[in-house]
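In what follows, a single structure is set out as structure tokens and then discussed.
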Amino acid sequence: MDAAMEDAGAPPGSDWDRGSGGAEAVLGLAGAGASLSVCYHEAFGPHADLILLEAGDDLLPDLLQGRVTVRGRPEEEAVLCTPSATYAMKFVGTSNSMFLIPPGEAVAASLRPDHTNEDATVASDASASIIKVAPGSIELVRTAPRLDKLRSLLRERPYVLDEDLGDDSEDKKGLYTWEDLCVLVQSSDSELLEGLNSLSAVEIDGFWRTVDVNSVNTVLDMILHNSVLHDWLLNALPENGVLSVMESDGFTHKIVAHCLSRFGTKVEQEAGSCWRLDERLVCLQFARKALSAGKMKLNNFMDKWERSIPSGMRADLQMLEGEVLYERLGAETWVHAFSVADLPLTPAERFAALFGERPRWEWKDLQPFIRDLRVPGASSEGLLIKYARRTQPSADADPIFTAR
């Protein structure tokens with residue numbers, strides 16, 4: 001039988017007096033053939049108020065230092081979060097009895113489960129008293145953070161230019177602070193922050209918000225317009241100059257700085273901080289804008305896209321991986337928006353959405369839409385085998401994937 005005991009602080013290898021009783025007596029057993037009598041403690045009682053947690057050595061520092069939280073709403077399966085990781089909590093029952101034996105103490109009256117005294121001879125021989133019996137333990141399994149909910153929450157009320165929140169609590173409906181998100185989203189703090197960054201969220205007046213796409217387009221257009229007026233290079237936009245000019249045009253410092261960081265990289269120079277706009281990110285934003293009206297012939301889309309992007313930048317279809325789908329209709333190729341950013345984050349739901357959009361996928365088309373999936377302990381190849389079926393008509397043909 002298994003024995004679960006509280007740590008009594010015994011130094012490894014110590015020889016304990018078996019007569020001292022308690023967990024020390026069990027820890028002091030020497031050799032495979034050693035034995036010890038056990039009995040029920042006088043305080044033995046219900047064990048429904050006790051749950052054991054099985055944790056690896058890597059988790060102990062966070063547990064002992066109180067750096068863990070259990071997150072989840074009543075209708076959700078709870079997860080345990082450290083500052084940087086999320087763990088599913090799974091109760092594992094056992095057919096063996098796990099006896100909980102407290103630290104050593106003088107053996108007082110020991111009882112049967114029905115609270116009658118044990119035989120005096122047994123009681124006098126007993127050296128360890130059982131205070132509880134655990135039916136199992138909670139196992140921690142590393143899992144992906146549940147960030148689909150974060151995306152849903154932030155999409156309730158994206159920030160729009162010239163927004164006035166007012167002072168009424170009703171005006172704050174659909175807005176969430178960091179503390180709110182920690183309560184509502186099952187994720188570690190570190191993973192939650194990564195999720196906010198991946199959604200291009202920004203903290204405005206204490207609330208985490210995404211920015212409405214039309215507002216983003218307006219700010220980006222004005223930054224590019226001012227770069228022409230003031231002869232600013234797109235790979236060296238002066239931070240102070242951009243912020244000053246944009247604020248004079250009525251845009252807030254916070255939103256302009258957010259858009260600069262969303263579409264560029266900050267570079268420190270002797271003359272001050274500058275921003276280098278990322279060609280792919282800027283061109284991708286204009287591609288989304290061109291496709292916002294719906295499906296287009298590829299030639300028409302390319303013409304519209306190339307005419308809209310800033311001078312000096314070059315449109316390339318490779319920039320659109322994971323953002324569009326192509327469809328051959330007769331002699332024409334059509335293109336429409338289909339962004340990986342809008343797909344579910346859990347593998348089962350992701351593959352269901354993909355095969356709902358298109359029943360058959362070639363690998364070159366499918367890969368951009370699954371490479372961002374992150375499941376602890378599972379590779380992309382493993383997920384593909386689990387959720388898709390591969391067929392290959394001939395050795396030199398591209399493999400085709402369908403729903404499993």
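Simple scheme: letters A, B, ... for chains in structure tokens order, numbers from 1 for residues in each chain, numbers from 1 for ligands in the order shown.
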Hey, what's within 9 Å of A:Gly206 if we count only C-alpha atoms and toss same-chain stuff fewer than 6 positions away? As a PDB file with N, CA and C atoms, in the first residue's frame, please?
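Contents of the output file result.pdb:
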ATOM      1  N   TYR A 176     -12.220  45.973 -19.991  1.00  0.00           N
ATOM      2  CA  TYR A 176     -11.602  45.086 -19.015  1.00  0.00           C
ATOM      3  C   TYR A 176     -10.223  45.585 -18.609  1.00  0.00           C
ATOM      4  N   THR A 177     -10.005  45.649 -17.296  1.00  0.00           N
ATOM      5  CA  THR A 177      -8.689  45.986 -16.763  1.00  0.00           C
ATOM      6  C   THR A 177      -7.826  44.728 -16.739  1.00  0.00           C
ATOM      7  N   TRP A 178      -6.551  44.906 -16.400  1.00  0.00           N
ATOM      8  CA  TRP A 178      -5.663  43.747 -16.259  1.00  0.00           C
ATOM      9  C   TRP A 178      -6.207  42.785 -15.209  1.00  0.00           C
TER      10      TRP A 178
END
A:Phe338: which residues within 12 Å, counting only C-alpha atoms, same-chain residues fewer than 4 positions away excluded, as an MDAnalysis selection string? chainID A and resid 287:288 291:292 294:295 320:327 342:343 353:354 357:358 365:366 368:369
Using only C-alpha atoms, pick whichever of A:Leu199, A:Ala25, A:Val242, A:Leu220 has the shortest atom-to-atom distance to A:Leu154.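 Of A:Leu199, A:Ala25, A:Val242, A:Leu220, the one nearest A:Leu154, counting only C-alpha atoms, is A:Leu199.
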Given only C-alpha atoms as the basis, pick out the residue of A:Glu268, A:Asp231, A:Asp372, A:Glu381 nearest to A:Ser198. A:Asp372
Could you check how far atom CA of A:Phe91 sits from atom CA of A:Gly136, in Å to one decimal?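 Atom CA of A:Gly136 lies at a distance of 7.0 Å from atom CA of A:Phe91.
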When DSSP is applied to the backbone of this structure, which of stretch 96-306 of chain A are assigned helix (DSSP H, G or I)? Write them out as a short mmCIF file (atom, residue, chain, number, x, y, z; two decimals) with N, CA, C and O atoms, in the first residue's frame.
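Okay, part_39.cif is ready:
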data_model
loop_
_atom_site.label_atom_id
_atom_site.label_comp_id
_atom_site.auth_asym_id
_atom_site.auth_seq_id
_atom_site.Cartn_x
_atom_site.Cartn_y
_atom_site.Cartn_z
N ALA A 120 -6.00 -3.50 22.96
CA ALA A 120 -4.91 -2.87 23.71
C ALA A 120 -3.56 -3.31 23.23
O ALA A 120 -2.60 -2.54 23.18
N THR A 121 -3.44 -4.59 22.85
CA THR A 121 -2.15 -5.09 22.40
C THR A 121 -1.73 -4.41 21.11
O THR A 121 -0.59 -3.97 20.95
N VAL A 122 -2.69 -4.25 20.17
CA VAL A 122 -2.38 -3.60 18.90
C VAL A 122 -2.01 -2.15 19.12
O VAL A 122 -1.06 -1.63 18.55
N ALA A 123 -2.80 -1.49 20.03
CA ALA A 123 -2.53 -0.08 20.28
C ALA A 123 -1.16 0.13 20.86
O ALA A 123 -0.46 1.06 20.52
N SER A 124 -0.73 -0.76 21.75
CA SER A 124 0.58 -0.56 22.38
C SER A 124 1.71 -0.81 21.40
O SER A 124 2.78 -0.26 21.54
N ASP A 125 1.46 -1.65 20.39
CA ASP A 125 2.50 -1.92 19.40
C ASP A 125 2.54 -0.86 18.30
O ASP A 125 3.52 -0.75 17.58
N ASP A 148 -8.60 32.04 -26.45
CA ASP A 148 -9.75 32.35 -27.30
C ASP A 148 -10.70 33.31 -26.58
O ASP A 148 -11.28 34.20 -27.20
N LYS A 149 -10.84 33.11 -25.28
CA LYS A 149 -11.74 33.96 -24.50
C LYS A 149 -11.21 35.39 -24.45
O LYS A 149 -11.99 36.35 -24.48
N LEU A 150 -9.89 35.54 -24.37
CA LEU A 150 -9.29 36.88 -24.36
C LEU A 150 -9.66 37.62 -25.64
O LEU A 150 -10.06 38.80 -25.60
N ARG A 151 -9.52 36.95 -26.76
CA ARG A 151 -9.85 37.59 -28.04
C ARG A 151 -11.33 37.98 -28.09
O ARG A 151 -11.68 39.07 -28.55
N SER A 152 -12.19 37.09 -27.58
CA SER A 152 -13.62 37.38 -27.57
C SER A 152 -13.94 38.59 -26.69
O SER A 152 -14.74 39.45 -27.08
N LEU A 153 -13.32 38.67 -25.53
CA LEU A 153 -13.57 39.78 -24.62
C LEU A 153 -13.13 41.11 -25.22
O LEU A 153 -13.85 42.12 -25.15
N LEU A 154 -11.95 41.12 -25.83
CA LEU A 154 -11.43 42.39 -26.37
C LEU A 154 -12.18 42.84 -27.61
O LEU A 154 -12.16 44.02 -27.95
N SER A 169 -20.89 54.09 -15.01
CA SER A 169 -20.41 52.71 -15.04
C SER A 169 -20.93 51.96 -16.26
O SER A 169 -20.29 51.04 -16.76
N GLU A 170 -22.11 52.35 -16.76
CA GLU A 170 -22.66 51.72 -17.96
C GLU A 170 -21.76 51.97 -19.16
O GLU A 170 -21.71 51.18 -20.09
N ASP A 171 -21.06 53.12 -19.13
CA ASP A 171 -20.17 53.46 -20.24
C ASP A 171 -18.94 52.56 -20.26
O ASP A 171 -18.20 52.53 -21.25
N LYS A 172 -18.69 51.86 -19.15
CA LYS A 172 -17.51 50.99 -19.06
C LYS A 172 -17.85 49.54 -19.38
O LYS A 172 -16.98 48.67 -19.32
N TRP A 178 -6.55 44.91 -16.40
CA TRP A 178 -5.66 43.75 -16.26
C TRP A 178 -6.21 42.78 -15.21
O TRP A 178 -6.20 41.57 -15.40
N GLU A 179 -6.67 43.34 -14.09
CA GLU A 179 -7.20 42.49 -13.02
C GLU A 179 -8.43 41.72 -13.49
O GLU A 179 -8.61 40.55 -13.14
N ASP A 180 -9.28 42.36 -14.27
CA ASP A 180 -10.46 41.67 -14.82
C ASP A 180 -10.04 40.49 -15.69
O ASP A 180 -10.60 39.39 -15.58
N LEU A 181 -9.05 40.72 -16.54
CA LEU A 181 -8.61 39.67 -17.46
C LEU A 181 -7.98 38.51 -16.72
O LEU A 181 -8.13 37.35 -17.11
N CYS A 182 -7.26 38.81 -15.63
CA CYS A 182 -6.65 37.74 -14.83
C CYS A 182 -7.72 36.84 -14.22
O CYS A 182 -7.51 35.64 -14.03
N VAL A 183 -8.87 37.41 -13.90
CA VAL A 183 -9.96 36.63 -13.33
C VAL A 183 -10.70 35.84 -14.41
O VAL A 183 -11.07 34.68 -14.20
N LEU A 184 -10.88 36.44 -15.56
CA LEU A 184 -11.74 35.86 -16.60
C LEU A 184 -11.03 34.91 -17.55
O LEU A 184 -11.65 34.02 -18.12
N ASP A 189 0.13 34.94 -16.10
CA ASP A 189 0.32 36.37 -16.39
C ASP A 189 1.21 36.58 -17.61
O ASP A 189 0.93 37.43 -18.46
N SER A 190 2.29 35.80 -17.69
CA SER A 190 3.21 35.95 -18.82
C SER A 190 2.53 35.60 -20.14
O SER A 190 2.67 36.32 -21.14
N GLU A 191 1.79 34.50 -20.16
CA GLU A 191 1.10 34.09 -21.39
C GLU A 191 -0.04 35.05 -21.73
O GLU A 191 -0.33 35.29 -22.91
N LEU A 192 -0.67 35.62 -20.72
CA LEU A 192 -1.72 36.60 -20.95
C LEU A 192 -1.16 37.85 -21.62
O LEU A 192 -1.74 38.38 -22.57
N LEU A 193 0.00 38.29 -21.15
CA LEU A 193 0.63 39.47 -21.75
C LEU A 193 1.05 39.18 -23.19
O LEU A 193 0.89 40.03 -24.08
N GLU A 194 1.56 37.97 -23.44
CA GLU A 194 1.90 37.58 -24.82
C GLU A 194 0.65 37.58 -25.70
O GLU A 194 0.70 38.01 -26.86
N GLY A 195 -0.47 37.10 -25.14
CA GLY A 195 -1.71 37.10 -25.89
C GLY A 195 -2.18 38.50 -26.23
O GLY A 195 -2.65 38.76 -27.34
N LEU A 196 -2.05 39.42 -25.28
CA LEU A 196 -2.42 40.82 -25.54
C LEU A 196 -1.55 41.41 -26.64
O LEU A 196 -2.04 42.12 -27.52
N ASN A 197 -0.26 41.12 -26.60
CA ASN A 197 0.64 41.63 -27.63
C ASN A 197 0.32 41.05 -29.00
O ASN A 197 0.38 41.76 -30.01
N SER A 198 -0.02 39.75 -29.04
CA SER A 198 -0.35 39.13 -30.32
C SER A 198 -1.62 39.71 -30.93
O SER A 198 -1.81 39.67 -32.15
N VAL A 213 -10.30 48.66 -36.69
CA VAL A 213 -9.48 48.61 -37.91
C VAL A 213 -9.55 49.90 -38.70
O VAL A 213 -8.54 50.35 -39.26
N ASN A 214 -10.70 50.55 -38.75
CA ASN A 214 -10.81 51.81 -39.48
C ASN A 214 -9.99 52.91 -38.80
O ASN A 214 -9.41 53.77 -39.48
N SER A 215 -9.94 52.87 -37.47
CA SER A 215 -9.13 53.84 -36.74
C SER A 215 -7.65 53.61 -37.00
O SER A 215 -6.88 54.56 -37.18
N VAL A 216 -7.25 52.33 -37.03
CA VAL A 216 -5.85 52.01 -37.33
C VAL A 216 -5.48 52.51 -38.73
O VAL A 216 -4.42 53.12 -38.93
N ASN A 217 -6.36 52.27 -39.70
CA ASN A 217 -6.09 52.72 -41.06
C ASN A 217 -5.97 54.23 -41.14
O ASN A 217 -5.11 54.76 -41.86
N THR A 218 -6.82 54.93 -40.40
CA THR A 218 -6.78 56.40 -40.41
C THR A 218 -5.46 56.92 -39.85
O THR A 218 -4.82 57.81 -40.44
N VAL A 219 -5.02 56.36 -38.72
CA VAL A 219 -3.76 56.81 -38.11
C VAL A 219 -2.57 56.48 -39.01
O VAL A 219 -1.69 57.32 -39.22
N LEU A 220 -2.55 55.27 -39.57
CA LEU A 220 -1.44 54.89 -40.46
C LEU A 220 -1.41 55.79 -41.69
O LEU A 220 -0.33 56.24 -42.12
N ASP A 221 -2.57 56.06 -42.28
CA ASP A 221 -2.62 56.95 -43.45
C ASP A 221 -2.06 58.33 -43.12
O ASP A 221 -1.32 58.93 -43.92
N MET A 222 -2.39 58.85 -41.93
CA MET A 222 -1.91 60.18 -41.55
C MET A 222 -0.42 60.19 -41.28
O MET A 222 0.27 61.17 -41.60
N ILE A 223 0.11 59.11 -40.70
CA ILE A 223 1.56 59.02 -40.49
C ILE A 223 2.28 59.03 -41.84
O ILE A 223 3.27 59.76 -42.04
N LEU A 224 1.77 58.26 -42.80
CA LEU A 224 2.38 58.20 -44.13
C LEU A 224 2.22 59.53 -44.86
O LEU A 224 3.14 59.99 -45.55
N HIS A 225 1.07 60.16 -44.71
CA HIS A 225 0.83 61.47 -45.33
C HIS A 225 1.82 62.51 -44.80
O HIS A 225 2.42 63.28 -45.57
N ASN A 226 2.00 62.52 -43.49
CA ASN A 226 2.93 63.49 -42.88
C ASN A 226 4.38 63.18 -43.24
O ASN A 226 5.21 64.09 -43.28
N SER A 227 4.68 61.89 -43.48
CA SER A 227 6.05 61.56 -43.88
C SER A 227 6.38 62.18 -45.23
O SER A 227 7.54 62.57 -45.48
N VAL A 228 5.39 62.31 -46.10
CA VAL A 228 5.60 62.96 -47.40
C VAL A 228 5.73 64.47 -47.21
O VAL A 228 6.63 65.11 -47.77
N LEU A 229 4.83 65.05 -46.41
CA LEU A 229 4.85 66.50 -46.18
C LEU A 229 6.16 66.97 -45.54
O LEU A 229 6.67 68.06 -45.87
N GLU A 239 10.66 60.09 -33.91
CA GLU A 239 9.57 59.86 -32.98
C GLU A 239 8.95 61.16 -32.48
O GLU A 239 7.72 61.33 -32.53
N ASN A 240 9.77 62.08 -31.99
CA ASN A 240 9.23 63.32 -31.44
C ASN A 240 8.50 64.13 -32.51
O ASN A 240 7.45 64.73 -32.24
N GLY A 241 9.05 64.16 -33.72
CA GLY A 241 8.41 64.90 -34.80
C GLY A 241 7.06 64.31 -35.17
O GLY A 241 6.08 65.04 -35.34
N VAL A 242 7.00 62.98 -35.29
CA VAL A 242 5.74 62.32 -35.64
C VAL A 242 4.69 62.56 -34.56
O VAL A 242 3.54 62.93 -34.86
N LEU A 243 5.07 62.37 -33.30
CA LEU A 243 4.11 62.54 -32.21
C LEU A 243 3.61 63.98 -32.14
O LEU A 243 2.40 64.22 -31.93
N SER A 244 4.50 64.94 -32.33
CA SER A 244 4.12 66.35 -32.25
C SER A 244 3.14 66.72 -33.36
O SER A 244 2.10 67.35 -33.11
N VAL A 245 3.48 66.33 -34.59
CA VAL A 245 2.62 66.67 -35.73
C VAL A 245 1.27 65.97 -35.62
O VAL A 245 0.22 66.57 -35.87
N MET A 246 1.29 64.69 -35.25
CA MET A 246 0.03 63.94 -35.16
C MET A 246 -0.86 64.47 -34.04
O MET A 246 -2.08 64.52 -34.19
N GLU A 247 -0.25 64.87 -32.92
CA GLU A 247 -1.06 65.43 -31.83
C GLU A 247 -1.68 66.75 -32.24
O GLU A 247 -2.81 67.07 -31.86
N SER A 248 -0.95 67.53 -33.05
CA SER A 248 -1.52 68.80 -33.53
C SER A 248 -2.67 68.55 -34.50
O SER A 248 -3.53 69.41 -34.69
N HIS A 253 -1.44 60.88 -28.15
CA HIS A 253 -0.08 60.34 -28.06
C HIS A 253 -0.11 58.83 -27.95
O HIS A 253 0.66 58.11 -28.62
N LYS A 254 -1.00 58.30 -27.12
CA LYS A 254 -1.07 56.86 -26.86
C LYS A 254 -1.35 56.07 -28.14
O LYS A 254 -0.71 55.06 -28.42
N ILE A 255 -2.32 56.53 -28.95
CA ILE A 255 -2.71 55.78 -30.15
C ILE A 255 -1.65 55.90 -31.24
O ILE A 255 -1.37 54.92 -31.96
N VAL A 256 -1.05 57.06 -31.38
CA VAL A 256 0.01 57.21 -32.38
C VAL A 256 1.21 56.34 -32.03
O VAL A 256 1.76 55.63 -32.88
N ALA A 257 1.61 56.35 -30.75
CA ALA A 257 2.73 55.51 -30.32
C ALA A 257 2.40 54.03 -30.52
O ALA A 257 3.27 53.24 -30.90
N HIS A 258 1.15 53.67 -30.27
CA HIS A 258 0.72 52.27 -30.47
C HIS A 258 0.85 51.87 -31.94
O HIS A 258 1.34 50.78 -32.26
N CYS A 259 0.41 52.72 -32.84
CA CYS A 259 0.49 52.40 -34.27
C CYS A 259 1.94 52.36 -34.76
O CYS A 259 2.27 51.53 -35.61
N LEU A 260 2.79 53.22 -34.24
CA LEU A 260 4.21 53.15 -34.60
C LEU A 260 4.81 51.81 -34.19
O LEU A 260 5.55 51.18 -34.96
N SER A 261 4.48 51.35 -32.98
CA SER A 261 5.03 50.07 -32.50
C SER A 261 4.38 48.89 -33.23
O SER A 261 5.01 47.84 -33.39
N ARG A 262 3.16 49.06 -33.69
CA ARG A 262 2.44 47.99 -34.39
C ARG A 262 3.01 47.77 -35.80
O ARG A 262 3.06 46.64 -36.29
N PHE A 263 3.45 48.85 -36.44
CA PHE A 263 3.92 48.75 -37.82
C PHE A 263 5.42 49.01 -37.98
O PHE A 263 5.91 49.03 -39.11
N GLU A 279 8.06 46.92 -43.95
CA GLU A 279 7.41 46.88 -45.26
C GLU A 279 6.29 45.84 -45.31
O GLU A 279 5.19 46.12 -45.81
N ARG A 280 6.54 44.66 -44.77
CA ARG A 280 5.53 43.60 -44.82
C ARG A 280 4.28 43.99 -44.05
O ARG A 280 3.15 43.81 -44.53
N LEU A 281 4.46 44.52 -42.83
CA LEU A 281 3.30 44.85 -42.00
C LEU A 281 2.47 45.97 -42.60
O LEU A 281 1.24 45.95 -42.56
N VAL A 282 3.14 46.97 -43.17
CA VAL A 282 2.42 48.09 -43.79
C VAL A 282 1.68 47.61 -45.04
O VAL A 282 0.49 47.90 -45.22
N CYS A 283 2.37 46.85 -45.90
CA CYS A 283 1.73 46.35 -47.12
C CYS A 283 0.58 45.41 -46.79
O CYS A 283 -0.46 45.42 -47.48
N LEU A 284 0.74 44.60 -45.76
CA LEU A 284 -0.33 43.68 -45.36
C LEU A 284 -1.57 44.44 -44.92
O LEU A 284 -2.70 44.04 -45.24
N GLN A 285 -1.38 45.54 -44.22
CA GLN A 285 -2.53 46.33 -43.78
C GLN A 285 -3.30 46.89 -44.98
O GLN A 285 -4.54 46.91 -44.99
N PHE A 286 -2.57 47.32 -46.01
CA PHE A 286 -3.23 47.84 -47.20
C PHE A 286 -3.90 46.72 -48.01
O PHE A 286 -4.92 46.93 -48.66
N ALA A 287 -3.33 45.50 -47.96
CA ALA A 287 -3.96 44.36 -48.62
C ALA A 287 -5.29 44.03 -47.96
O ALA A 287 -6.29 43.76 -48.63
N ARG A 288 -5.32 44.05 -46.62
CA ARG A 288 -6.57 43.79 -45.90
C ARG A 288 -7.62 44.83 -46.27
O ARG A 288 -8.81 44.52 -46.43
N LYS A 289 -7.17 46.08 -46.36
CA LYS A 289 -8.09 47.16 -46.71
C LYS A 289 -8.66 46.94 -48.11
O LYS A 289 -9.86 47.13 -48.35
N ALA A 290 -7.82 46.51 -49.06
CA ALA A 290 -8.26 46.28 -50.43
C ALA A 290 -9.27 45.15 -50.51
O ALA A 290 -10.18 45.17 -51.34
N LEU A 291 -9.11 44.13 -49.64
CA LEU A 291 -9.99 42.95 -49.68
C LEU A 291 -11.20 43.07 -48.76
O LEU A 291 -12.00 42.14 -48.66
N LEU A 298 -7.69 38.08 -58.86
CA LEU A 298 -6.32 38.32 -58.40
C LEU A 298 -5.68 39.50 -59.12
O LEU A 298 -5.02 40.32 -58.48
N ASN A 299 -5.88 39.61 -60.43
CA ASN A 299 -5.26 40.72 -61.17
C ASN A 299 -5.79 42.07 -60.69
O ASN A 299 -5.02 43.03 -60.52
N ASN A 300 -7.10 42.15 -60.46
CA ASN A 300 -7.69 43.40 -59.98
C ASN A 300 -7.19 43.74 -58.58
O ASN A 300 -6.94 44.91 -58.26
N PHE A 301 -7.09 42.70 -57.75
CA PHE A 301 -6.59 42.94 -56.39
C PHE A 301 -5.16 43.45 -56.41
O PHE A 301 -4.82 44.42 -55.71
N MET A 302 -4.29 42.82 -57.21
CA MET A 302 -2.89 43.24 -57.26
C MET A 302 -2.78 44.69 -57.74
O MET A 302 -1.97 45.47 -57.22
N ASP A 303 -3.58 45.06 -58.72
CA ASP A 303 -3.55 46.43 -59.23
C ASP A 303 -3.96 47.42 -58.14
O ASP A 303 -3.31 48.45 -57.92
N LYS A 304 -5.04 47.09 -57.44
CA LYS A 304 -5.53 47.97 -56.37
C LYS A 304 -4.54 48.04 -55.21
O LYS A 304 -4.29 49.11 -54.64
N TRP A 305 -3.96 46.90 -54.87
CA TRP A 305 -3.00 46.83 -53.75
C TRP A 305 -1.75 47.64 -54.06
O TRP A 305 -1.30 48.45 -53.24
N GLU A 306 -1.18 47.44 -55.24
CA GLU A 306 0.07 48.12 -55.59
C GLU A 306 -0.10 49.63 -55.67
O GLU A 306 0.82 50.39 -55.36
#
Pick from A:Ala144, A:Ala331, A:Ala388, A:Met89, whichever lies nearest to A:Val375 using only C-alpha atoms: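 Residue with the minimum atom-to-atom distance to A:Val375: A:Ala144.
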Could you find all residues in stretch 29-260 of chain A that DSSP calls strand (DSSP E or B) from the backbone, and write them as a ChimeraX atom specification? /A:38-40,52-54,69-71,79-81,86-101,111,117,128-130,132-143,159,176,202-204,207-209,211,237-238
Grab the atom CA of A:Ala201 to atom CA of A:Gly174 distance for me, in Å with one decimal place.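 It comes out at 14.6 Å.
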Between A:Val185, A:Ala85, A:Ser379, A:Ala32, which is the closest to A:Asp58 once you count only C-alpha atoms?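 Smallest distance to A:Asp58 is found for A:Ala85.
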Work out how far apart atom CA of A:Leu237 and atom CA of A:Arg276 are and give it in Å to one decimal. 6.5 Å
